[in-house]
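Novice: Pasting in a structure now, in structure tokens, and then I'll have a few things to ask.
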Amino acid sequence: MSDTKNYKDFLIKNILNSDLDTNNQDISDIVSKINREKIEKPSIFIGTGTCGLGAGADKTLEAVKNYIRNKNIDADIIETGCIGLCSSEPLMDVQIPGFNRISFENVTENKVEFILNEIFNLDIPKTEILGQFSSKNNKNWENIADIFEHSFFKAQKRIVLKNCGIVNPTSIEEYIASGGYKSYLKVIKSKSSSEMCDLIEESGLRGRGGGGFLSGKKWKFALNTPCSQKYLICNADEGDPGAFMDRAVIEGDPHRLIEGMAIAAYSIGATKSYVYIRAEYPLAIKRLKIAIQQAENYGLIGKNIFDSSVDFEIKVKMGAGAFVCGEETALIHSIEGERGMPRPRPPFPALSGLFGKPTIINNVETLANVPTIIEKGSDWYKSIGTENSKGTKVFALSGKVKLTGLVEIPMGTTVRQIIFDIAGGIPNNKKFKSVQIGGPSGGCITEQNLDIKVDYDSLIKVGAMMGSGGLVVMDEDTCMVDVAKFFMDFIQRESCGKCIPCREGTRRMLEILEDITHKPVNGNSHEALRRFKGVTQLEKLARVIKETSLCGLGQTAPNPVLSTLKWFRNEYEEHIYERTCSAGVCTELRTFSIDVDKCTGCTVCAKKCPTNAIIGTKKSPHFIVEDKCISCGTCEEVCKFDAIVIS
Amino acid sequence: MKTEEILSKYKNTGRDNLIPVLQEIQENEGWLSEKIISDVGKCLNIPAGKVYGVATFYNQFRFQPKGKYHIQICRGTACHVLGSSSVLQELEKSLKIKADETSRDGLFSIEVVACIGACGLAPVICINGEFHAKVTVDSLKKIISDLKTQNLN
């Protein structure tokens with residue numbers, strides 16, 4: 001650490017304060033040392049983001065430390081964020097002086113010694129190789145493909161995730177040495193706020209949190225509202241269950257977010273800003289706080305930044321777990337210390353927001369795009385993507401796909417490409433059924449729509465929405481009615497309770513869905529009729545909730561139900577008329593019977609049955625009275641003779 | 001930092017510190033008791049009812065002590081699709097408590113979390129900050145029995 005501290009004056013003088021792209025050999029030598037282009041001692045990188053830790057990266061890290069200590073090797077160990085390939089965690093990269101950095105996958109603690117032994121002997125192990133990072137200055141390892149040729153990375157275009165999993169997130173030096181904070185200083189020294197808003201508007205950057213409003217346009221509203229105090233809020237309260245790109249960006253590259261925030265704040269004339277981040281992300285909070293402190297130390301946050309008379313400060317506010325706080329006005333209330341309940345708009349936060357002052361709220365991914373747009377220009381950014389959706393989008397791939405993790409693709413890539421080319425398709429030779437996009441506010445995309453291009457407008461056309469970019473893939477073993485019920489249950493619990501359509505309507509929708517997935521104790525034809533009526537009411541209820549709810553949460557709450565009803569009506573019908581679930585997920589719709597040949601009449605099941613649905617005399621086979629059975633599965637668990645048959 | 005110190009640090013500061021105070025105290029004590037709610041109210045000059053109203057609005061705040069082993073189970077979409085509901089069922093059954101409760105011996109508590117953000121490793125549970133990835137009903141049984149023996153030793 002001591003040597004990196006010495007770099008502070010060097011970096012400020014030669015990089016941050018110098019206007020020219022210097023060709024000075026001495027300076028570029030030091031820079032390539034800091035950004036690890038050229039290294040003097042071996043470096044071992046371990047991805048210790050939350051997903052890495054979940055897969056056991058902490059144990060791998062410990063094993064590497066022990067190895068280094070035992071063998072007396074002078075090496076750097078660097079903890080990085082997540083490169084995005086969660087299913088291959090833990091990831092370990094090794095860089096030997098003079099050679100390319102090389103990445104290994106699934107490095108559990110027991111593999112560390114073997115891999116390090118081999119590579120320190122300049123021998124490449126045959127297994128677990130992900131690829132190498134090609135660079136001009138270092139020697140190539142023979143017969144090893146470039147990591148970005150890997151099918152998972154090949155079709156990606158990484159802007160937001162560029163540094164994630166590669167750089168040390170707790171080193172501002174590395175960020176500056178790879179060109180960071182240059183955009184910010186360029187902006188505050190040579191551009192006016194309105195020029196900045198124009199530039200971002202022209203680039204076509206749209207809000208990545210879900211709404212997709214043009215960021216530059218939004219900034220202009222706040223800029224043009226005269227007020228002595230304005231605020232910028234970064235929304236890192238990633239409530240969508242199934243999306244984790246904001247966490248990955250903050251854990252892997254926090255300085256990019258800080259730089260984006262600093263630029264945005266300058267563009268709207270705000271001097272104070274907040275990051276509203278989920279409390280469930282302790283590691284992200286820790287790394288963000290370290291990064292903020294480092295930026296303060298470098299004078300990039302604070303008063304009179306680099307003698308430009310620009311002030312900027314960042315406060316970190318932890319969210320307390322409420323999905324509705326993704327809504328702008330609810331988020332503002334939460335920061336103010338109130339319940340996170342939305343209020344009617346207008347007035348929009350850009351005119352009257354936090355503490356009644358003009359406030360702009362942007363999502364992490366939106367802000368993380370900003371530094372690169374400044375660096376490369378709005379024309380460059382405009383050249384990526386489709387007509388109305390520019391740039392890239394990060395998606396969090398999870399569920400039933402071979403490779404899970406984060407992918408950043410240019411807008412306009414097809415869903416099929418993402419799922420089958422990048423993520424490798426469905427595991428275990430199962431059949432693809434659908435992919436849920438946009439979380440609890442979104443919808444599903446089925447086989448027939450797989451070739452639509454991902455952008456804001458085409459997703460809405462098929463009844464889905466971009467949302468924050470969670471892609472949960474489902475195969476034939478997933479029951480769509482169950483998925484709809486899951487989302488309804490989530491929304492119903494997270495509804496803040498302020499407006500009636502959302503509070504009561506979502507509860508009612510959930511009840512209808514529960515009705516059709518539960519087994520009636522005494523089923524008769526009237527029940528079937530009621531269930532059927534329930535489904536017709538679902539659509540009516542959904543329409544009312546959509547039209548009359550106060551905020552975005554309520555207005556989009558029925559989407560998962562509407563979307564599954566549209567594409568998977570047959571599954572609903574199967575649940576209602578035939579009382580079966582072909583995916584086998586709705587356990588209460590299973591039929592239980594007893595195999596008379598296997599049953600010994602031990603009476604255990606009859607004693608345990610909560611509804612006394614099992615009858616029979618001791619030592620002779622028992623029977624299940626179907627009308628009484630609630631399909632809880634208790635009999636199957638307690639039977640020692642495998643006599644319970646489930647169909 | 002002790003709870004009194006936290007309260008004196010925030011004495012008579014603005015309403016916007018309410019959630020941070022509650023968060024710091026919970027971090028320290030593990031949960032929020034009735035007394036703490038009224039103390040926080042006095043500290044920030046807010047009626048205790050309002051404090052309670054805010055605290056119960058958010059999922060993060062607990063009104064029961066944490067167990068020795070605090071188990072967070074992720075109920076995000078990816079975890080659900082890969083079977084977290086059966087994991088939760090098994091957890092509730094084997095510990096004989098429901099979600100958001102603490103067992104009577106104070107050993108286990110279950111908290112349902114909307115999403116931990118490790119969707120690539122679904123289904124995920126997190127015990128005292130340590131993640132367990134790709135949990136199945138069988139592996140959960142082993143984890144629980146390991147914890148029980150660990151506690152006895």
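Every chain in the structure tokens takes a letter, A first, then B, and so on in the order presented; its residues are numbered from 1, and the ligands are numbered from 1 following the presented order.
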Counting only C-alpha atoms, which residues in chain B sit no more than 7 Å from chain A? For each one, give the nearest pair of atoms and the distance in Å, sorted by chain then residue number, as a tab-separated table.
Specialist:
```
residue	atom	partner	partner_atom	distance
B:Arg15	CA	A:Gly337	CA	5.5
B:Asp16	CA	A:Gly337	CA	4.2
B:Asn17	CA	A:Gly337	CA	6.3
B:Leu18	CA	A:Gly337	CA	5.4
B:Ile19	CA	A:Gly337	CA	5.8
B:Val54	CA	A:Arg339	CA	5.1
B:Phe57	CA	A:Arg339	CA	6.3
B:Tyr58	CA	A:Ala320	CA	5.6
B:Asn59	CA	A:Gly321	CA	5.0
B:Gln60	CA	A:Ala320	CA	5.1
B:Gly76	CA	A:Pro241	CA	4.4
B:Thr77	CA	A:Gly242	CA	5.4
B:Ala78	CA	A:Gly399	CA	4.8
B:Val81	CA	A:Gly399	CA	6.3
B:Leu82	CA	A:Gly399	CA	6.5
B:Ala114	CA	A:Pro241	CA	6.2
B:Cys115	CA	A:Pro241	CA	5.0
B:Ile116	CA	A:Glu280	CA	6.2
B:Gly117	CA	A:Phe244	CA	5.0
B:Ala118	CA	A:Cys51	CA	5.1
B:Cys119	CA	A:Ser398	CA	5.8
B:Gly120	CA	A:Thr404	CA	5.0
B:Leu121	CA	A:Ser87	CA	6.8
B:Phe131	CA	A:Gly54	CA	4.7
B:His132	CA	A:Gly54	CA	5.9
B:Ala133	CA	A:Gly54	CA	5.7
```
Novice: If you run DSSP on the backbone, which residues of stretch 44-122 of chain B are alpha helix (DSSP H), as a PyMOL selection string?
Specialist: chain B and resi 44+48-57+77-81+84-95
Novice: I'd like to know which of A:Gly179, A:Pro342, A:Gly252, A:Pro410 is closest to A:Leu11, using only C-alpha atoms.
Specialist: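 Of all the options, A:Gly179 lies closest to A:Leu11.
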Novice: Might you pull out every residue within 12 Å of B:Ser85, with only C-alpha atoms counted and same-chain residues fewer than 2 positions away left off, and present them as a VMD selection string?
Specialist: (chain A and resid 482 to 483 486 585 to 587) or (chain B and resid 73 to 83 87 to 92 99 112 122 to 125 135 to 137)
